[in-house]
Amino acid sequence: MGVKYTTTSILFSATLVYLSTVAIANDPCTSQRDDSDITVIPIYGNCSPFKNYSNSWENTIIDMASKDPQRVEYLSSLDTSLRKKPGSVAPIASGQAFNIGNYVVRVKLGTPGQLLFMVLDTSTDEAGSRAPAALVRGAFPCPSTGSTACTFNQSYAGSTFSATLVQDSLRFATSSIPSYAFGCVNSVSGGSIPDQGLLGLGRGPLSLLSQSWSLYSGVFSYCLPSFSSYYFSGSLKLGPAGQPRRIRTTPLLRNPRRPSLYYVNLTGVTVGRVRVPLPVELLAFDPNRGSGTIIDSGTVITRFVEPVYNAIRDEFRNQVKGPFVGRGVFDTCFVKTYEKLAPLIKFHFAGLDLTLPFENSLIHSAYRSVACLAMAAAPNNVNSALNVIANYQQQNLRILFDTVNNRVGIARELCN
């Protein structure tokens, strides 16, 4: 028996279909502009399957807001995760006891740890030690040759040395790096390699900074005690923890051709009350020429390119009046009676001025009868475009290197 449809039932059905289609089309919970859109809705909104119809909107907001403190605490923990990492401190002393012009840091190297006094060098990447080979646990395999030991030759301050790349523990006062890669020195040519080795704090892949990144997050600072002090009263601080919170900073610049060096923007020098007229191009940072100014812990006295030094020296002499004599690398020495006329010297960096105390700008003879301007001209060679702020000018200052935020901070700190 066939089914019969009347005209009325067909029209009624069509009307239902039409009304349903219109309702769906106008329903914000089901409509979507095109297939490429992803609809975002409030988790407790009208279109959400999580909507609680028994709860008022006001109570819903209060309930949602009550969860915010946990969220904010979580976000804060992300923001301060670097600062919560424990830092480390190692004592620093002048190298006078070792008859060197550098500063040394006290560490333990090898297994079991041997106490070493290694030269602190911010412009060197590799660490090199003359510790006996029996102290270290294992040599690095050499990827280029496939041999079990990887040896390399390195130049340093006019000397060269041959070393085997090894790996062992480097211990500071409060922490250690368990698998620290360094060169175990086999032979040396020249007299400038420190007897107990180098601790490289440059920015290269083998530097202490790079190897300890997971521990110290690319941040360190040091305070160098007076050059005449024999005590380990200075300090090397590794990591963001314990660094000065309020410290004046200047941008840290990077030269791709000399990536290990810490460049800063020196904009001028004032002697007494006179801003010394200096050609801008002799101070400007130029990666192509290698020119500019670096902060270095391994150089003893500040060196400026010759025209810059001559201008600073001449203004200094003009205010002290003289007479002047030369002693070694120092060409502006005078008897102590003229010292009261010596002007203060101020370095101008981008965003930061540093006035040197007399301890950092004058050097005295053994009996303090003669004082000399503790600066000199840079050697006239291929690197003569580089100005170097050296360790003598950094005495009793906290120098902060923050390679994450690309800044160098300087603050006065008596660490004698």
# chains A, B, ... in the order shown; residues from 1 in each chain; ligands from 1

call {"tool": "residues_around", "arguments": {"residues": "A:Leu115", "least_positions_apart": "5", "cutoff": "10 Å", "atoms": "only C-alpha atoms", "output": "list in words"}}
result
Arg106, Val107, Lys108, Leu109, Gly110, Ala131, Arg171 and Gln196 of chain A

call {"tool": "closest_atom_pairs", "arguments": {"of": "stretch 295-364 of chain A", "to": "stretch 370-393 of chain A", "cutoff": "8 Å", "atoms": "only C-alpha atoms", "output": "tab-separated table"}}
result
residue	atom	partner	partner_atom	distance
A:Ile295	CA	A:Ile389	CA	4.9
A:Asp296	CA	A:Ala390	CA	5.3
A:Ser297	CA	A:Asn391	CA	4.9
A:Gly298	CA	A:Asn391	CA	6.7
A:Thr299	CA	A:Ala390	CA	5.0
A:Val300	CA	A:Asn391	CA	5.3
A:Ile301	CA	A:Ala390	CA	5.0
A:Thr302	CA	A:Ala390	CA	4.6
A:Arg303	CA	A:Ala378	CA	4.9
A:Phe304	CA	A:Asn387	CA	4.6
A:Val305	CA	A:Ala378	CA	5.1
A:Glu306	CA	A:Ala377	CA	4.9
A:Tyr309	CA	A:Ala377	CA	5.5
A:Asn310	CA	A:Ala377	CA	7.5
A:Val329	CA	A:Ala376	CA	6.8
A:Phe330	CA	A:Ala376	CA	6.4
A:Asp331	CA	A:Cys372	CA	7.7
A:Thr332	CA	A:Cys372	CA	5.5
A:Cys333	CA	A:Cys372	CA	4.0
A:Phe334	CA	A:Ala371	CA	5.6
A:Val335	CA	A:Val370	CA	4.5
A:Lys336	CA	A:Val370	CA	5.2
A:Glu339	CA	A:Ala371	CA	7.2
A:Leu356	CA	A:Gln393	CA	7.1
A:Asn360	CA	A:Gln393	CA	4.6
A:Ser361	CA	A:Ala374	CA	5.3
A:Leu362	CA	A:Leu373	CA	4.9
A:Ile363	CA	A:Cys372	CA	5.3
A:His364	CA	A:Ala371	CA	4.4

call {"tool": "select_by_dssp", "arguments": {"residues": "stretch 259-368 of chain A", "states": "strand (DSSP E)", "output": "JSON, numbers by chain"}}
result
{"A": [263, 264, 266, 267, 268, 269, 270, 271, 274, 275, 292, 293, 294, 295, 302, 303, 304, 325, 326, 327, 330, 331, 332, 333, 334, 335, 345, 346, 347, 348, 349, 352, 353, 354, 355, 356, 362, 363, 364]}

call {"tool": "write_last_selection", "arguments": {"atoms": "N, CA, C and O atoms", "output": "short mmCIF file (atom, residue, chain, number, x, y, z; two decimals), in the first residue's frame"}}
result
data_model
loop_
_atom_site.label_atom_id
_atom_site.label_comp_id
_atom_site.auth_asym_id
_atom_site.auth_seq_id
_atom_site.Cartn_x
_atom_site.Cartn_y
_atom_site.Cartn_z
N TYR A 263 83.65 44.64 23.66
CA TYR A 263 83.69 46.01 23.15
C TYR A 263 82.66 46.88 23.87
O TYR A 263 81.54 46.44 24.15
N VAL A 264 83.04 48.11 24.15
CA VAL A 264 82.13 49.13 24.68
C VAL A 264 82.32 50.40 23.85
O VAL A 264 83.31 50.55 23.13
N LEU A 266 83.29 53.91 23.93
CA LEU A 266 83.95 55.04 24.58
C LEU A 266 83.73 56.28 23.71
O LEU A 266 84.12 56.31 22.54
N THR A 267 83.08 57.31 24.29
CA THR A 267 82.72 58.49 23.51
C THR A 267 83.63 59.69 23.77
O THR A 267 83.59 60.66 23.01
N GLY A 268 84.42 59.65 24.83
CA GLY A 268 85.29 60.79 25.11
C GLY A 268 86.05 60.61 26.42
O GLY A 268 85.82 59.68 27.18
N VAL A 269 86.97 61.54 26.67
CA VAL A 269 87.79 61.55 27.88
C VAL A 269 87.90 62.98 28.38
O VAL A 269 88.14 63.91 27.59
N THR A 270 87.71 63.16 29.69
CA THR A 270 87.88 64.47 30.33
C THR A 270 89.06 64.42 31.28
O THR A 270 89.19 63.48 32.08
N VAL A 271 89.93 65.41 31.20
CA VAL A 271 91.07 65.54 32.10
C VAL A 271 90.84 66.80 32.93
O VAL A 271 90.78 67.90 32.38
N VAL A 274 88.56 69.66 31.60
CA VAL A 274 88.69 69.86 30.15
C VAL A 274 88.30 68.60 29.41
O VAL A 274 88.91 67.53 29.61
N ARG A 275 87.29 68.70 28.56
CA ARG A 275 86.94 67.59 27.67
C ARG A 275 87.94 67.60 26.51
O ARG A 275 88.00 68.54 25.72
N GLY A 292 87.85 50.51 18.01
CA GLY A 292 86.92 50.70 19.11
C GLY A 292 87.64 50.53 20.42
O GLY A 292 88.87 50.64 20.50
N THR A 293 86.88 50.25 21.48
CA THR A 293 87.44 50.14 22.82
C THR A 293 86.96 48.86 23.47
O THR A 293 85.76 48.53 23.40
N ILE A 294 87.87 48.13 24.12
CA ILE A 294 87.50 46.92 24.84
C ILE A 294 87.87 47.07 26.32
O ILE A 294 88.74 47.86 26.67
N ILE A 295 87.17 46.31 27.16
CA ILE A 295 87.54 46.17 28.56
C ILE A 295 88.23 44.83 28.71
O ILE A 295 87.69 43.79 28.32
N THR A 302 96.12 50.87 30.67
CA THR A 302 95.26 51.27 29.55
C THR A 302 96.09 51.81 28.40
O THR A 302 97.01 52.61 28.59
N ARG A 303 95.73 51.35 27.22
CA ARG A 303 96.42 51.78 25.99
C ARG A 303 95.41 52.41 25.05
O ARG A 303 94.35 51.84 24.77
N PHE A 304 95.76 53.61 24.57
CA PHE A 304 94.96 54.28 23.56
C PHE A 304 95.74 54.35 22.26
O PHE A 304 96.98 54.36 22.27
N VAL A 325 109.70 63.29 33.19
CA VAL A 325 110.71 62.35 32.71
C VAL A 325 109.99 61.07 32.31
O VAL A 325 108.82 60.86 32.64
N GLY A 326 110.69 60.21 31.59
CA GLY A 326 110.14 58.93 31.19
C GLY A 326 110.74 57.79 31.98
O GLY A 326 111.94 57.83 32.34
N ARG A 327 109.94 56.78 32.27
CA ARG A 327 110.41 55.58 32.95
C ARG A 327 109.75 54.38 32.28
O ARG A 327 108.55 54.14 32.45
N PHE A 330 106.25 54.45 30.59
CA PHE A 330 105.58 55.66 31.04
C PHE A 330 106.40 56.89 30.62
O PHE A 330 107.57 57.00 30.99
N ASP A 331 105.76 57.78 29.89
CA ASP A 331 106.48 58.95 29.40
C ASP A 331 106.12 60.23 30.13
O ASP A 331 106.60 61.32 29.78
N THR A 332 105.26 60.14 31.16
CA THR A 332 104.83 61.33 31.89
C THR A 332 104.97 61.07 33.38
O THR A 332 104.00 60.78 34.09
N CYS A 333 106.21 61.14 33.87
CA CYS A 333 106.50 60.93 35.28
C CYS A 333 106.99 62.26 35.88
O CYS A 333 107.64 63.06 35.21
N PHE A 334 106.69 62.48 37.15
CA PHE A 334 107.02 63.74 37.79
C PHE A 334 107.24 63.49 39.28
O PHE A 334 106.79 62.48 39.84
N VAL A 335 107.93 64.40 39.94
CA VAL A 335 108.23 64.23 41.36
C VAL A 335 106.96 64.43 42.16
O VAL A 335 106.02 65.13 41.74
N ILE A 345 90.85 61.95 35.91
CA ILE A 345 90.57 61.58 34.52
C ILE A 345 89.23 60.84 34.50
O ILE A 345 88.98 59.95 35.32
N LYS A 346 88.39 61.23 33.57
CA LYS A 346 87.06 60.64 33.46
C LYS A 346 86.87 60.05 32.07
O LYS A 346 87.14 60.71 31.04
N PHE A 347 86.43 58.78 32.03
CA PHE A 347 86.09 58.12 30.78
C PHE A 347 84.58 58.25 30.55
O PHE A 347 83.78 57.97 31.45
N HIS A 348 84.22 58.66 29.35
CA HIS A 348 82.80 58.77 28.99
C HIS A 348 82.42 57.60 28.08
O HIS A 348 82.97 57.45 26.98
N PHE A 349 81.52 56.78 28.56
CA PHE A 349 80.95 55.71 27.76
C PHE A 349 79.50 56.06 27.43
O PHE A 349 78.91 56.95 28.07
N LEU A 352 77.20 56.12 30.51
CA LEU A 352 77.97 55.87 31.73
C LEU A 352 79.25 56.71 31.74
O LEU A 352 80.00 56.72 30.76
N ASP A 353 79.49 57.42 32.85
CA ASP A 353 80.75 58.13 33.05
C ASP A 353 81.51 57.47 34.19
O ASP A 353 80.92 57.14 35.23
N LEU A 354 82.80 57.28 34.01
CA LEU A 354 83.64 56.66 35.02
C LEU A 354 84.79 57.59 35.37
O LEU A 354 85.68 57.84 34.55
N THR A 355 84.78 58.12 36.59
CA THR A 355 85.88 58.95 37.07
C THR A 355 86.88 58.05 37.79
O THR A 355 86.54 57.37 38.76
N LEU A 356 88.11 58.05 37.31
CA LEU A 356 89.14 57.20 37.90
C LEU A 356 89.68 57.82 39.18
O LEU A 356 90.10 58.99 39.17
N LEU A 362 97.36 56.98 38.45
CA LEU A 362 98.77 57.25 38.71
C LEU A 362 99.45 56.01 39.26
O LEU A 362 98.85 55.26 40.04
N ILE A 363 100.68 55.78 38.86
CA ILE A 363 101.48 54.69 39.40
C ILE A 363 102.74 55.29 40.01
O ILE A 363 103.31 56.25 39.47
N HIS A 364 103.15 54.75 41.16
CA HIS A 364 104.25 55.36 41.92
C HIS A 364 105.48 54.47 41.91
O HIS A 364 105.39 53.25 41.77
#

call {"tool": "atom_distance", "arguments": {"atom1": "atom CA of A:Val166", "atom2": "atom CA of A:Met118"}}
result
16.8 Å

call {"tool": "select_by_dssp", "arguments": {"residues": "stretch 138-324 of chain A", "states": "alpha helix (DSSP H)", "output": "list in words"}}
result
Leu208, Leu209, Ser210, Gln211, Trp213, Ser214, Leu215, Tyr216, Glu306, Pro307, Val308, Tyr309, Asn310, Ala311, Ile312, Arg313, Asp314, Glu315, Phe316, Arg317, Asn318, Gln319 and Val320 of chain A

call {"tool": "residues_around", "arguments": {"residues": "A:Pro91", "least_positions_apart": "3", "cutoff": "10 Å", "atoms": "only C-alpha atoms", "output": "CSV table (one decimal) with N, CA and C atoms, in the first residue's frame"}}
result
chain,number,residue,atom,x,y,z
A,104,VAL,N,95.1,36.9,39.5
A,104,VAL,CA,94.9,35.5,39.5
A,104,VAL,C,93.7,35.1,40.3
A,105,VAL,N,93.1,34.0,39.9
A,105,VAL,CA,91.9,33.5,40.6
A,105,VAL,C,92.2,32.1,41.2
A,106,ARG,N,91.7,31.9,42.4
A,106,ARG,CA,92.0,30.6,43.0
A,106,ARG,C,91.0,29.6,42.7
A,107,VAL,N,91.4,28.5,42.1
A,107,VAL,CA,90.5,27.4,41.7
A,107,VAL,C,91.1,26.0,42.0
A,117,PHE,N,96.5,28.8,40.8
A,117,PHE,CA,96.3,30.2,40.8
A,117,PHE,C,96.4,30.6,39.3
A,172,PHE,N,85.2,25.8,42.1
A,172,PHE,CA,85.3,27.2,42.7
A,172,PHE,C,85.0,27.0,44.2
A,173,ALA,N,84.9,28.1,44.9
A,173,ALA,CA,84.7,28.0,46.3
A,173,ALA,C,83.4,27.4,46.7
A,222,TYR,N,83.6,40.8,38.3
A,222,TYR,CA,84.8,40.7,39.1
A,222,TYR,C,85.1,42.1,39.8
A,223,CYS,N,85.8,42.0,40.9
A,223,CYS,CA,86.3,43.2,41.5
A,223,CYS,C,87.8,42.9,41.7
A,224,LEU,N,88.7,43.7,41.2
A,224,LEU,CA,90.1,43.5,41.3
A,224,LEU,C,90.6,44.4,42.4
A,231,TYR,N,96.6,40.2,49.1
A,231,TYR,CA,95.6,39.3,49.6
A,231,TYR,C,94.6,38.9,48.6
A,232,PHE,N,93.9,37.8,48.8
A,232,PHE,CA,92.9,37.3,47.9
A,232,PHE,C,91.5,38.0,48.4
A,233,SER,N,91.5,39.3,48.3
A,233,SER,CA,90.3,40.0,48.7
A,233,SER,C,89.4,40.4,47.6
A,234,GLY,N,89.8,40.2,46.3
A,234,GLY,CA,88.9,40.4,45.2
A,234,GLY,C,88.0,39.2,45.0
A,235,SER,N,87.1,39.3,44.1
A,235,SER,CA,86.2,38.2,43.8
A,235,SER,C,85.7,38.1,42.4
A,236,LEU,N,85.6,36.9,41.9
A,236,LEU,CA,84.9,36.6,40.6
A,236,LEU,C,83.6,36.0,41.0
A,237,LYS,N,82.5,36.7,40.5
A,237,LYS,CA,81.2,36.2,40.8
A,237,LYS,C,80.6,35.7,39.5

call {"tool": "residues_around", "arguments": {"residues": "A:Asn153", "least_positions_apart": "5", "cutoff": "8 Å", "atoms": "only C-alpha atoms", "output": "PyMOL selection string"}}
result
chain A and resi 160-163

call {"tool": "atom_distance", "arguments": {"atom1": "atom CA of A:Glu315", "atom2": "atom CA of A:Val276"}}
result
7.3 Å

call {"tool": "atom_distance", "arguments": {"atom1": "atom CA of A:Asp168", "atom2": "atom CA of A:Ala181"}}
result
6.7 Å
